[in-house]
file upload18.cif (mmCIF, C-alpha atoms and all ligand atoms)
data_coords
#
loop_
_atom_site.group_PDB
_atom_site.id
_atom_site.type_symbol
_atom_site.label_atom_id
_atom_site.label_comp_id
_atom_site.auth_asym_id
_atom_site.auth_seq_id
_atom_site.Cartn_x
_atom_site.Cartn_y
_atom_site.Cartn_z
ATOM 1 C CA MET B 1 104.434 40.961 66.151
ATOM 2 C CA GLU B 2 103.680 39.845 69.657
ATOM 3 C CA GLU B 3 101.146 42.538 70.150
ATOM 4 C CA ALA B 4 99.504 41.912 66.807
ATOM 5 C CA ALA B 5 99.217 38.222 67.522
ATOM 6 C CA GLY B 6 97.960 38.877 71.028
ATOM 7 C CA SER B 7 95.248 41.319 70.084
ATOM 8 C CA LYS B 8 94.092 39.091 67.252
ATOM 9 C CA HIS B 9 93.694 36.185 69.597
ATOM 10 C CA ALA B 10 92.481 37.797 72.749
ATOM 11 C CA TYR B 11 89.023 38.623 71.445
ATOM 12 C CA SER B 12 88.216 35.254 69.978
ATOM 13 C CA ILE B 13 87.633 33.319 73.177
ATOM 14 C CA VAL B 14 84.129 32.010 72.761
ATOM 15 C CA VAL B 15 81.989 29.299 74.246
ATOM 16 C CA PRO B 16 82.984 26.236 72.258
ATOM 17 C CA THR B 17 80.887 23.423 70.881
ATOM 18 C CA CYS B 18 83.095 20.482 70.090
ATOM 19 C CA ASN B 19 81.262 17.193 70.321
ATOM 20 C CA GLU B 20 83.794 15.113 68.384
ATOM 21 C CA ARG B 21 86.599 15.966 70.755
ATOM 22 C CA LEU B 22 84.389 15.240 73.717
ATOM 23 C CA GLY B 23 83.602 11.836 72.225
ATOM 24 C CA VAL B 24 87.276 11.053 71.717
ATOM 25 C CA ALA B 25 88.054 12.239 75.232
ATOM 26 C CA LEU B 26 85.383 9.993 76.725
ATOM 27 C CA ILE B 27 86.619 6.962 74.794
ATOM 28 C CA MET B 28 90.200 7.618 75.903
ATOM 29 C CA TYR B 29 89.035 8.090 79.458
ATOM 30 C CA LEU B 30 87.180 4.775 79.443
ATOM 31 C CA LEU B 31 90.249 3.048 78.015
ATOM 32 C CA LEU B 32 92.472 4.603 80.658
ATOM 33 C CA LYS B 33 90.142 3.428 83.385
ATOM 34 C CA LYS B 34 90.992 -0.116 82.359
ATOM 35 C CA THR B 35 94.675 0.402 83.220
ATOM 36 C CA PRO B 36 95.700 -2.107 85.902
ATOM 37 C CA GLN B 37 95.682 -0.541 89.315
ATOM 38 C CA VAL B 38 97.990 -2.901 91.129
ATOM 39 C CA ASN B 39 101.649 -3.339 90.229
ATOM 40 C CA LEU B 40 103.765 -6.424 90.664
ATOM 41 C CA THR B 41 107.255 -5.161 91.517
ATOM 42 C CA SER B 42 110.180 -7.275 90.347
ATOM 43 C CA GLU B 43 112.554 -6.665 93.257
ATOM 44 C CA GLN B 44 110.237 -7.499 96.126
ATOM 45 C CA ASP B 45 107.907 -9.879 94.360
ATOM 46 C CA ALA B 46 105.050 -8.322 96.266
ATOM 47 C CA LEU B 47 101.894 -6.520 95.419
ATOM 48 C CA THR B 48 102.068 -2.813 96.108
ATOM 49 C CA TRP B 49 99.324 -0.260 95.841
ATOM 50 C CA ARG B 50 100.656 2.416 93.531
ATOM 51 C CA TRP B 51 98.118 5.074 94.461
ATOM 52 C CA THR B 52 99.582 5.990 97.844
ATOM 53 C CA SER B 53 103.152 7.058 98.604
ATOM 54 C CA HIS B 54 103.558 4.291 101.193
ATOM 55 C CA GLY B 55 102.314 1.591 98.844
ATOM 56 C CA GLU B 56 99.430 0.505 101.031
ATOM 57 C CA TYR B 57 95.828 0.501 100.053
ATOM 58 C CA THR B 58 93.534 3.155 101.471
ATOM 59 C CA ALA B 59 89.898 3.665 100.595
ATOM 60 C CA LYS B 60 90.540 7.326 99.879
ATOM 61 C CA SER B 61 93.310 6.570 97.396
ATOM 62 C CA ALA B 62 91.149 3.943 95.713
ATOM 63 C CA TYR B 63 88.345 6.420 95.346
ATOM 64 C CA GLU B 64 90.684 9.032 93.918
ATOM 65 C CA MET B 65 92.427 6.510 91.685
ATOM 66 C CA GLN B 66 89.296 5.630 89.808
ATOM 67 C CA PHE B 67 89.081 9.197 88.626
ATOM 68 C CA VAL B 68 92.729 9.679 87.750
ATOM 69 C CA GLY B 69 93.174 6.685 85.490
ATOM 70 C CA ALA B 70 96.841 5.968 84.868
ATOM 71 C CA SER B 71 98.305 8.798 86.895
ATOM 72 C CA ARG B 72 98.766 9.086 90.622
ATOM 73 C CA ASP B 73 100.593 12.406 90.719
ATOM 74 C CA VAL B 74 98.018 14.772 89.354
ATOM 75 C CA PRO B 75 95.789 16.383 91.988
ATOM 76 C CA GLY B 76 92.893 14.604 90.397
ATOM 77 C CA MET B 77 90.034 15.339 92.729
ATOM 78 C CA ALA B 78 90.127 19.037 92.073
ATOM 79 C CA ILE B 79 89.960 18.263 88.377
ATOM 80 C CA TRP B 80 87.054 15.851 88.432
ATOM 81 C CA ARG B 81 85.068 17.788 90.988
ATOM 82 C CA ALA B 82 85.310 21.023 89.036
ATOM 83 C CA GLN B 83 82.045 22.563 87.932
ATOM 84 C CA ALA B 84 83.020 22.070 84.337
ATOM 85 C CA GLU B 85 82.202 19.997 81.293
ATOM 86 C CA GLY B 86 83.844 16.622 80.834
ATOM 87 C CA LYS B 87 85.941 17.774 77.913
ATOM 88 C CA HIS B 88 87.446 20.566 79.990
ATOM 89 C CA LYS B 89 88.201 18.189 82.855
ATOM 90 C CA PHE B 90 89.810 15.701 80.542
ATOM 91 C CA PHE B 91 91.887 18.449 78.955
ATOM 92 C CA ALA B 92 93.037 19.622 82.393
ATOM 93 C CA TRP B 93 93.957 16.076 83.309
ATOM 94 C CA LEU B 94 96.162 15.806 80.217
ATOM 95 C CA LEU B 95 97.522 19.329 80.619
ATOM 96 C CA LEU B 96 98.678 18.849 84.196
ATOM 97 C CA GLN B 97 100.744 15.906 83.036
ATOM 98 C CA SER B 98 102.088 17.918 80.062
ATOM 99 C CA ARG B 99 100.446 15.380 77.789
ATOM 100 C CA ILE B 100 98.813 17.774 75.369
ATOM 101 C CA LEU B 101 100.533 17.623 71.991
ATOM 102 C CA THR B 102 102.644 20.747 72.121
ATOM 103 C CA LYS B 103 105.531 21.075 69.682
ATOM 104 C CA ASP B 104 108.164 19.974 72.187
ATOM 105 C CA ARG B 105 106.352 16.643 72.472
ATOM 106 C CA LEU B 106 105.959 16.340 68.723
ATOM 107 C CA ALA B 107 109.699 17.028 68.316
ATOM 108 C CA ALA B 108 110.466 14.358 70.897
ATOM 109 C CA ARG B 109 108.526 11.946 68.696
ATOM 110 C CA GLY B 110 110.669 12.796 65.688
ATOM 111 C CA TRP B 111 108.688 15.664 64.211
ATOM 112 C CA GLN B 112 111.065 17.906 62.221
ATOM 113 C CA GLY B 113 109.204 21.226 62.209
ATOM 114 C CA ASN B 114 109.983 24.485 63.999
ATOM 115 C CA SER B 115 109.178 23.882 67.642
ATOM 116 C CA ASN B 116 108.840 27.541 68.597
ATOM 117 C CA CYS B 117 105.631 28.706 70.232
ATOM 118 C CA SER B 118 102.691 29.084 67.859
ATOM 119 C CA PHE B 119 101.735 32.388 69.464
ATOM 120 C CA CYS B 120 104.961 34.292 70.157
ATOM 121 C CA SER B 121 107.665 32.334 68.277
ATOM 122 C CA LEU B 122 110.036 33.381 71.060
ATOM 123 C CA HIS B 123 110.255 30.220 73.106
ATOM 124 C CA GLU B 124 110.044 26.491 72.616
ATOM 125 C CA GLU B 125 106.407 25.450 72.706
ATOM 126 C CA THR B 126 105.998 23.505 75.927
ATOM 127 C CA ALA B 127 102.705 23.090 77.760
ATOM 128 C CA GLU B 128 103.947 25.384 80.542
ATOM 129 C CA HIS B 129 105.002 28.075 78.122
ATOM 130 C CA LEU B 130 101.863 27.895 76.014
ATOM 131 C CA ILE B 131 99.354 28.005 78.850
ATOM 132 C CA LEU B 132 101.205 29.966 81.538
ATOM 133 C CA SER B 133 104.170 32.101 80.513
ATOM 134 C CA CYS B 134 103.643 32.952 76.844
ATOM 135 C CA PRO B 135 102.903 36.670 76.361
ATOM 136 C CA PHE B 136 99.647 35.680 74.664
ATOM 137 C CA ALA B 137 98.622 33.430 77.562
ATOM 138 C CA GLN B 138 99.552 36.182 80.006
ATOM 139 C CA GLN B 139 97.320 38.563 78.122
ATOM 140 C CA VAL B 140 94.421 36.119 78.271
ATOM 141 C CA TRP B 141 94.848 35.468 81.994
ATOM 142 C CA SER B 142 95.039 39.170 82.784
ATOM 143 C CA ARG B 143 91.965 39.848 80.656
ATOM 144 C CA VAL B 144 90.039 37.135 82.479
ATOM 145 C CA THR B 145 91.176 38.629 85.791
ATOM 146 C CA VAL B 146 89.703 41.960 84.700
ATOM 147 C CA TRP B 147 86.460 40.282 83.619
ATOM 148 C CA LEU B 148 86.186 38.586 86.996
ATOM 149 C CA ASN B 149 86.459 41.984 88.642
ATOM 150 C CA GLY B 150 88.145 40.907 91.854
ATOM 151 C CA PHE B 151 86.132 37.718 92.242
ATOM 152 C CA MET B 152 89.203 35.604 91.582
ATOM 153 C CA SER B 153 92.909 36.115 90.966
ATOM 154 C CA PHE B 154 95.559 33.844 89.499
ATOM 155 C CA GLN B 155 99.119 33.170 90.520
ATOM 156 C CA GLY B 156 102.163 30.964 90.027
ATOM 157 C CA PHE B 157 102.727 31.528 86.325
ATOM 158 C CA ASP B 158 106.457 30.826 86.693
ATOM 159 C CA LEU B 159 105.743 27.378 88.156
ATOM 160 C CA GLN B 160 105.384 23.942 86.608
ATOM 161 C CA LEU B 161 101.790 23.199 85.634
ATOM 162 C CA GLU B 162 100.960 20.967 88.567
ATOM 163 C CA ASP B 163 102.454 23.436 91.040
ATOM 164 C CA TRP B 164 100.595 26.273 89.354
ATOM 165 C CA TRP B 165 97.378 24.267 89.696
ATOM 166 C CA ARG B 166 98.019 23.587 93.371
ATOM 167 C CA ALA B 167 99.080 27.173 94.080
ATOM 168 C CA ASN B 168 95.799 28.419 92.683
ATOM 169 C CA LEU B 169 93.599 25.967 94.568
ATOM 170 C CA GLN B 170 95.298 25.769 97.935
ATOM 171 C CA ASN B 171 93.604 27.288 100.965
ATOM 172 C CA LEU B 172 90.212 27.336 99.283
ATOM 173 C CA SER B 173 87.048 25.614 100.432
ATOM 174 C CA LYS B 174 85.850 22.607 98.421
ATOM 175 C CA GLN B 175 83.187 24.702 96.748
ATOM 176 C CA GLU B 176 85.656 27.486 95.905
ATOM 177 C CA GLN B 177 87.995 24.859 94.472
ATOM 178 C CA ARG B 178 85.236 23.509 92.243
ATOM 179 C CA VAL B 179 84.608 26.948 90.801
ATOM 180 C CA LYS B 180 88.211 28.069 90.475
ATOM 181 C CA ALA B 181 89.322 24.747 88.980
ATOM 182 C CA ALA B 182 86.592 25.168 86.374
ATOM 183 C CA VAL B 183 87.833 28.648 85.499
ATOM 184 C CA LEU B 184 91.462 27.500 85.303
ATOM 185 C CA MET B 185 90.666 24.625 82.984
ATOM 186 C CA TYR B 186 88.237 26.632 80.882
ATOM 187 C CA VAL B 187 90.740 29.427 80.252
ATOM 188 C CA ALA B 188 93.576 26.956 79.599
ATOM 189 C CA TRP B 189 91.359 24.992 77.230
ATOM 190 C CA ASN B 190 90.497 28.121 75.294
ATOM 191 C CA ILE B 191 94.160 29.095 74.980
ATOM 192 C CA TRP B 192 94.882 25.605 73.664
ATOM 193 C CA LYS B 193 91.915 25.748 71.309
ATOM 194 C CA GLU B 194 93.121 29.076 69.957
ATOM 195 C CA ARG B 195 96.499 27.497 69.290
ATOM 196 C CA ASN B 196 94.975 24.697 67.197
HETATM 197 ZN ZN ZN G 1 104.709 31.866 73.309
#
call {"tool": "encode", "arguments": {"input": "upload18.cif", "output": "structure tokens", "more": "lines below"}}
Ligand SMILES: [Zn+2]
result
Amino acid sequence: MEEAAGSKHAYSIVVPTCNERLGVALIMYLLLKKTPQVNLTSEQDALTWRWTSHGEYTAKSAYEMQFVGASRDVPGMAIWRAQAEGKHKFFAWLLLQSRILTKDRLAARGWQGNSNCSFCSLHEETAEHLILSCPFAQQVWSRVTVWLNGFMSFQGFDLQLEDWWRANLQNLSKQEQRVKAAVLMYVAWNIWKERN
């Protein structure tokens, strides 16, 4: 069954045109940009800057913050600098926070259906499983590796999504990061699209 599902899916990765989703993504992004950027903490009754670990404002963190919206933990710059379309960047931003609506998240919201993976049915459908460790996802990633013919390789498929993202982008130049980030998000987006 795995193999049948895999071979059915692996050939259908195509360049997508999906203007409605892009529109929704842009609206959500604009809404998220309005999220307050300064927190008033109850215990200290003091303003802290939530975008740095030490709580103090830096210009760099402010610059990065405006791109990451409500999250400070996602390595946002590599996402927004990627040589990719907005919809792919927005998807990556959600994915790295496990905020795409996989079945585990639906179940957590009270959904009663079978929460096994839509591709393999062998594992609970989490974002990590679906995009990284599922046999179908593995097949897609290895196929892309072959297509790229040594130009790029991928690693860290046993990691959490953010760590996988970092592992794949570390030790690269800014320009290499832009290209590889685009490939990562494009492949992940296509796996997700195939699932839907
Ligand atoms: Zn699976």
call {"tool": "resolve_selection", "arguments": {"input": "upload18.cif", "expression": "the PyMOL selection byres (((chain B and resi 117) around 10) and not hetatm)", "output": "short mmCIF file (atom, residue, chain, number, x, y, z; two decimals) with C-alpha atoms, in the coordinates of the input"}}
result
data_model
loop_
_atom_site.label_atom_id
_atom_site.label_comp_id
_atom_site.auth_asym_id
_atom_site.auth_seq_id
_atom_site.Cartn_x
_atom_site.Cartn_y
_atom_site.Cartn_z
CA THR B 102 102.64 20.75 72.12
CA LYS B 103 105.53 21.08 69.68
CA ASP B 104 108.16 19.97 72.19
CA ASN B 114 109.98 24.48 64.00
CA SER B 115 109.18 23.88 67.64
CA ASN B 116 108.84 27.54 68.60
CA SER B 118 102.69 29.08 67.86
CA PHE B 119 101.74 32.39 69.46
CA CYS B 120 104.96 34.29 70.16
CA SER B 121 107.66 32.33 68.28
CA LEU B 122 110.04 33.38 71.06
CA HIS B 123 110.26 30.22 73.11
CA GLU B 124 110.04 26.49 72.62
CA GLU B 125 106.41 25.45 72.71
CA THR B 126 106.00 23.50 75.93
CA ALA B 127 102.70 23.09 77.76
CA HIS B 129 105.00 28.08 78.12
CA LEU B 130 101.86 27.90 76.01
CA CYS B 134 103.64 32.95 76.84
CA ARG B 195 96.50 27.50 69.29
#
call {"tool": "atom_distance", "arguments": {"input": "upload18.cif", "atom1": "CA of Arg143 (chain B)", "atom2": "CA of Trp93 (chain B)"}}
result
24.0 Å
call {"tool": "atom_distance", "arguments": {"input": "upload18.cif", "atom1": "CA of Ala82 (chain B)", "atom2": "CA of Phe136 (chain B)"}}
result
25.0 Å
call {"tool": "resolve_selection", "arguments": {"input": "upload18.cif", "expression": "the PyMOL selection byres (((chain B and resi 91) around 10) and not hetatm)", "output": "PDB file with C-alpha atoms, in the coordinates of the input"}}
result
ATOM      1  CA  LEU B  22      84.389  15.240  73.717  1.00  0.00           C
ATOM      2  CA  ALA B  25      88.054  12.239  75.232  1.00  0.00           C
ATOM      3  CA  ILE B  79      89.960  18.263  88.377  1.00  0.00           C
ATOM      4  CA  GLY B  86      83.844  16.622  80.834  1.00  0.00           C
ATOM      5  CA  LYS B  87      85.941  17.774  77.913  1.00  0.00           C
ATOM      6  CA  HIS B  88      87.446  20.566  79.990  1.00  0.00           C
ATOM      7  CA  LYS B  89      88.201  18.189  82.855  1.00  0.00           C
ATOM      8  CA  PHE B  90      89.810  15.701  80.542  1.00  0.00           C
ATOM      9  CA  ALA B  92      93.037  19.622  82.393  1.00  0.00           C
ATOM     10  CA  TRP B  93      93.957  16.076  83.309  1.00  0.00           C
ATOM     11  CA  LEU B  94      96.162  15.806  80.217  1.00  0.00           C
ATOM     12  CA  LEU B  95      97.522  19.329  80.619  1.00  0.00           C
ATOM     13  CA  LEU B  96      98.678  18.849  84.196  1.00  0.00           C
ATOM     14  CA  ARG B  99     100.446  15.380  77.789  1.00  0.00           C
ATOM     15  CA  ILE B 100      98.813  17.774  75.369  1.00  0.00           C
ATOM     16  CA  MET B 185      90.666  24.625  82.984  1.00  0.00           C
ATOM     17  CA  TYR B 186      88.237  26.632  80.882  1.00  0.00           C
ATOM     18  CA  ALA B 188      93.576  26.956  79.599  1.00  0.00           C
ATOM     19  CA  TRP B 189      91.359  24.992  77.230  1.00  0.00           C
ATOM     20  CA  TRP B 192      94.882  25.605  73.664  1.00  0.00           C
TER      21      TRP B 192
END
call {"tool": "atom_distance", "arguments": {"input": "upload18.cif", "atom1": "CA of Ser173 (chain B)", "atom2": "CA of Gln83 (chain B)"}}
result
13.8 Å
